[in-house]
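Read through the structure below, which is laid out as structure tokens, and then see the notes.
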Amino acid sequence: MNSMGQPIRRGIGGFADGIKYFFQGLGWVARNPRQWLFGLIPALIALALYIVALVLLGTYAGDLAAWVTPFADGWSAGVRDTVRVLLGLVVFGLGLVLAVITFTAATLVIGDPFYEKLSERVEESMGGVHKGPDVPIWRSIIRSLRDSLITLAYVLMFTIPLFILGFVPVVGQTVVPVLGAAVSGFFLTVELTTLAMERRGLARKQRFALLRADKSPALGFGVLVFLIFLIPFGAVFAMPAAVAGATIMVRVRLAPRD
């Protein structure tokens, strides 16, 4: 049962519930446009940093490919250049994938005070904020950075093998994209629900346990957010709605107040 006394749905129904929570968050920021603008600030800062990083990666991808393939120096010019161009494209493609995966974590670290306040205002509008122990901002940022790095390590454990499998014919064009969206979506939900769960005094292991125990809405919410984030500038404009939706999901379903 959830906090409203309604039975919790699993499977497809739970997946649909996860999608619903995002649209509830979108509705909340639509009704509170100042909070949406407030939430855009850290996302725009993160976007500027990522654009600079990707431009640098694109500029030096060829040099990086040449650096890691010194054994190709003696090959014929055509074969050597072809291999290095392909490797440069792979490096840049992997950088793009990592940018999509890590953008949320980086934005939440940069905008921790912004999104903490936005998340609290969502809960205030729903009847009151669940206040946990007071933590200094600097300690909260360090903890957020540490947890994000741990989450990134988990993501890379899945993403790198999937990226390599993406070059396998048929499987790489069918199964891998679905698995990749599911993995990326789940860990996006991990990141986005952190604020509301930390307010409830839940440590990282407890947060993971809650999400694993009720994976359907976590996947429904995260996969939708992941697909939106793939749209150019989608991550920037949808971030405030994603934070609001994640807060609603935590409050209503994952960790309702006693």
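Letters for chains follow the order of the structure tokens (A, B, ...), residue numbers begin at 1 for each chain, and ligand numbers begin at 1 in the order shown.
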
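Excluding Phe186 of chain A and any residue on its chain fewer than 4 positions from it, the residues at most 10 Å away by only C-alpha atoms are Val155, Gly180, Ala181, Ala182, Val190, Glu191, Leu211, Arg212, Lys215, Ser216, Pro217, Ala218, Leu219, Gly220, Phe221, Gly222, Val223, Val225 and Phe226 of chain A.
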
For the residues in the current selection, export all heavy atoms as a compact mmCIF listing (two decimals), in the first residue's frame.
# COMPACT_ATOMS: atom_id res chain seq x y z
N VAL A 155 27.52 2.57 -13.08
CA VAL A 155 27.04 2.81 -14.44
C VAL A 155 28.06 2.32 -15.46
O VAL A 155 27.72 1.67 -16.45
CB VAL A 155 26.75 4.31 -14.65
CG1 VAL A 155 26.45 4.60 -16.12
CG2 VAL A 155 25.57 4.75 -13.80
N GLY A 180 20.54 -0.57 -22.54
CA GLY A 180 21.23 0.68 -22.21
C GLY A 180 20.28 1.71 -21.63
O GLY A 180 20.61 2.40 -20.65
N ALA A 181 19.08 1.83 -22.22
CA ALA A 181 18.09 2.78 -21.71
C ALA A 181 17.63 2.39 -20.31
O ALA A 181 17.44 3.24 -19.44
CB ALA A 181 16.90 2.85 -22.66
N ALA A 182 17.47 1.07 -20.08
CA ALA A 182 17.02 0.60 -18.77
C ALA A 182 18.08 0.88 -17.70
O ALA A 182 17.77 1.38 -16.61
CB ALA A 182 16.70 -0.90 -18.83
N VAL A 190 18.18 6.86 -9.47
CA VAL A 190 19.00 6.85 -8.25
C VAL A 190 19.48 8.26 -7.92
O VAL A 190 19.38 8.71 -6.77
CB VAL A 190 20.22 5.90 -8.42
CG1 VAL A 190 21.20 6.08 -7.27
CG2 VAL A 190 19.75 4.45 -8.50
N GLU A 191 19.99 8.96 -8.92
CA GLU A 191 20.51 10.31 -8.70
C GLU A 191 19.40 11.29 -8.32
O GLU A 191 19.55 12.09 -7.39
CB GLU A 191 21.24 10.81 -9.96
CG GLU A 191 22.50 10.05 -10.30
CD GLU A 191 23.67 10.42 -9.40
OE1 GLU A 191 23.54 11.35 -8.59
OE2 GLU A 191 24.72 9.77 -9.51
N LEU A 211 15.00 1.26 -4.15
CA LEU A 211 14.78 1.30 -5.60
C LEU A 211 14.83 -0.09 -6.22
O LEU A 211 14.07 -0.39 -7.14
CB LEU A 211 15.80 2.23 -6.25
CG LEU A 211 15.61 3.72 -5.95
CD1 LEU A 211 16.83 4.51 -6.34
CD2 LEU A 211 14.38 4.26 -6.66
N ARG A 212 15.71 -0.93 -5.72
CA ARG A 212 15.76 -2.30 -6.24
C ARG A 212 14.50 -3.08 -5.86
O ARG A 212 14.03 -3.92 -6.63
CB ARG A 212 17.00 -3.04 -5.70
CG ARG A 212 18.31 -2.62 -6.34
CD ARG A 212 19.39 -3.66 -6.09
NE ARG A 212 19.56 -3.92 -4.67
CZ ARG A 212 20.44 -3.28 -3.89
NH1 ARG A 212 21.21 -2.35 -4.41
NH2 ARG A 212 20.54 -3.59 -2.62
N LYS A 215 11.48 -1.76 -8.56
CA LYS A 215 12.18 -1.33 -9.78
C LYS A 215 11.27 -0.77 -10.85
O LYS A 215 11.70 0.05 -11.65
CB LYS A 215 13.00 -2.49 -10.35
CG LYS A 215 14.22 -2.87 -9.54
CD LYS A 215 15.11 -3.84 -10.30
CE LYS A 215 14.51 -5.22 -10.33
NZ LYS A 215 14.54 -5.88 -9.02
N SER A 216 10.03 -1.23 -10.92
CA SER A 216 9.16 -0.83 -12.05
C SER A 216 8.99 0.67 -12.16
O SER A 216 9.24 1.25 -13.23
CB SER A 216 7.81 -1.53 -11.94
OG SER A 216 7.95 -2.92 -12.06
N PRO A 217 8.57 1.38 -11.09
CA PRO A 217 8.44 2.83 -11.23
C PRO A 217 9.79 3.51 -11.42
O PRO A 217 9.88 4.54 -12.11
CB PRO A 217 7.76 3.26 -9.92
CG PRO A 217 8.08 2.19 -8.95
CD PRO A 217 8.11 0.92 -9.77
N ALA A 218 10.84 2.96 -10.80
CA ALA A 218 12.17 3.54 -10.97
C ALA A 218 12.59 3.49 -12.44
O ALA A 218 13.15 4.45 -12.98
CB ALA A 218 13.19 2.79 -10.09
N LEU A 219 12.27 2.37 -13.10
CA LEU A 219 12.60 2.24 -14.52
C LEU A 219 11.69 3.11 -15.37
O LEU A 219 12.15 3.77 -16.31
CB LEU A 219 12.48 0.78 -14.95
CG LEU A 219 13.59 -0.16 -14.47
CD1 LEU A 219 13.24 -1.61 -14.77
CD2 LEU A 219 14.92 0.21 -15.13
N GLY A 220 10.39 3.12 -15.08
CA GLY A 220 9.47 3.94 -15.87
C GLY A 220 9.85 5.40 -15.83
O GLY A 220 9.91 6.09 -16.86
N PHE A 221 10.13 5.89 -14.63
CA PHE A 221 10.52 7.29 -14.46
C PHE A 221 11.86 7.55 -15.14
O PHE A 221 12.00 8.49 -15.93
CB PHE A 221 10.62 7.60 -12.96
CG PHE A 221 11.01 9.02 -12.65
CD1 PHE A 221 10.05 10.01 -12.58
CD2 PHE A 221 12.34 9.36 -12.43
CE1 PHE A 221 10.40 11.33 -12.30
CE2 PHE A 221 12.69 10.66 -12.14
CZ PHE A 221 11.72 11.65 -12.07
N GLY A 222 12.87 6.71 -14.85
CA GLY A 222 14.21 6.95 -15.35
C GLY A 222 14.36 6.81 -16.85
O GLY A 222 15.06 7.59 -17.49
N VAL A 223 13.69 5.80 -17.44
CA VAL A 223 13.80 5.60 -18.89
C VAL A 223 13.20 6.80 -19.63
O VAL A 223 13.77 7.29 -20.61
CB VAL A 223 13.11 4.30 -19.32
CG1 VAL A 223 12.96 4.23 -20.84
CG2 VAL A 223 13.91 3.09 -18.84
N VAL A 225 12.96 9.90 -18.50
CA VAL A 225 13.89 11.02 -18.32
C VAL A 225 15.11 10.84 -19.21
O VAL A 225 15.57 11.80 -19.85
CB VAL A 225 14.31 11.12 -16.84
CG1 VAL A 225 15.43 12.15 -16.67
CG2 VAL A 225 13.12 11.52 -15.97
N PHE A 226 15.63 9.62 -19.29
CA PHE A 226 16.80 9.35 -20.15
C PHE A 226 16.49 9.70 -21.61
O PHE A 226 17.31 10.34 -22.29
CB PHE A 226 17.19 7.88 -20.03
CG PHE A 226 18.26 7.45 -20.99
CD1 PHE A 226 19.58 7.85 -20.80
CD2 PHE A 226 17.97 6.64 -22.08
CE1 PHE A 226 20.57 7.45 -21.69
CE2 PHE A 226 18.96 6.24 -22.96
CZ PHE A 226 20.26 6.64 -22.76

Selection near Val243 of chain A, 8 Å with only C-alpha atoms, sequence-local residues under 3 positions removed, as a PyMOL selection string: chain A and resi 25+115+118-119+192-193+239-240+246-247

Got time to write the residues from that selection, N, CA, C and O atoms, as an mmCIF file, in the first residue's frame?
data_model
loop_
_atom_site.group_PDB
_atom_site.id
_atom_site.type_symbol
_atom_site.label_atom_id
_atom_site.label_comp_id
_atom_site.auth_asym_id
_atom_site.auth_seq_id
_atom_site.Cartn_x
_atom_site.Cartn_y
_atom_site.Cartn_z
ATOM 1 N N GLY A 25 5.559 15.916 -11.893
ATOM 2 C CA GLY A 25 6.602 16.908 -11.665
ATOM 3 C C GLY A 25 6.576 18.006 -12.709
ATOM 4 O O GLY A 25 6.757 19.194 -12.401
ATOM 5 N N TYR A 115 18.498 22.657 -6.062
ATOM 6 C CA TYR A 115 17.548 21.553 -6.176
ATOM 7 C C TYR A 115 17.054 21.068 -4.816
ATOM 8 O O TYR A 115 15.949 20.538 -4.711
ATOM 9 N N LEU A 118 14.268 23.460 -4.274
ATOM 10 C CA LEU A 118 13.152 23.134 -5.159
ATOM 11 C C LEU A 118 12.413 21.894 -4.653
ATOM 12 O O LEU A 118 11.177 21.862 -4.595
ATOM 13 N N SER A 119 13.176 20.870 -4.265
ATOM 14 C CA SER A 119 12.567 19.636 -3.754
ATOM 15 C C SER A 119 11.768 19.903 -2.479
ATOM 16 O O SER A 119 10.672 19.362 -2.284
ATOM 17 N N LEU A 192 18.304 11.240 -9.061
ATOM 18 C CA LEU A 192 17.266 12.254 -8.896
ATOM 19 C C LEU A 192 16.470 12.088 -7.601
ATOM 20 O O LEU A 192 15.913 13.068 -7.093
ATOM 21 N N THR A 193 16.396 10.883 -7.076
ATOM 22 C CA THR A 193 15.654 10.662 -5.827
ATOM 23 C C THR A 193 16.513 10.891 -4.593
ATOM 24 O O THR A 193 16.014 10.826 -3.462
ATOM 25 N N MET A 239 15.244 19.247 -16.365
ATOM 26 C CA MET A 239 15.821 18.921 -15.061
ATOM 27 C C MET A 239 14.941 19.352 -13.889
ATOM 28 O O MET A 239 14.719 18.561 -12.951
ATOM 29 N N PRO A 240 14.416 20.584 -13.860
ATOM 30 C CA PRO A 240 13.557 20.953 -12.725
ATOM 31 C C PRO A 240 12.334 20.042 -12.599
ATOM 32 O O PRO A 240 11.946 19.663 -11.483
ATOM 33 N N ALA A 246 10.735 13.285 -9.171
ATOM 34 C CA ALA A 246 11.415 12.324 -8.295
ATOM 35 C C ALA A 246 11.016 12.545 -6.845
ATOM 36 O O ALA A 246 10.826 11.586 -6.080
ATOM 37 N N THR A 247 10.870 13.801 -6.450
ATOM 38 C CA THR A 247 10.439 14.106 -5.081
ATOM 39 C C THR A 247 9.040 13.572 -4.822
ATOM 40 O O THR A 247 8.764 12.984 -3.763
#

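Atom CA of Leu254 of chain A lies 20.1 Å from atom CA of Leu108 of chain A.
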
Among A:Ala244, A:Val90, A:Ala235, A:Met249, Ala105 of chain A is approached most closely, using only C-alpha atoms, by A:Ala235

From the list A:Arg121, A:Arg199, A:Gln206, A:Leu227, the nearest residue to Phe38 of chain A using only C-alpha atoms is A:Arg121

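Counting only C-alpha atoms and comparing A:Met126, A:Ile101, A:Ala30, A:Ile164, the residue that lies closest to Leu149 of chain A is A:Ile101.
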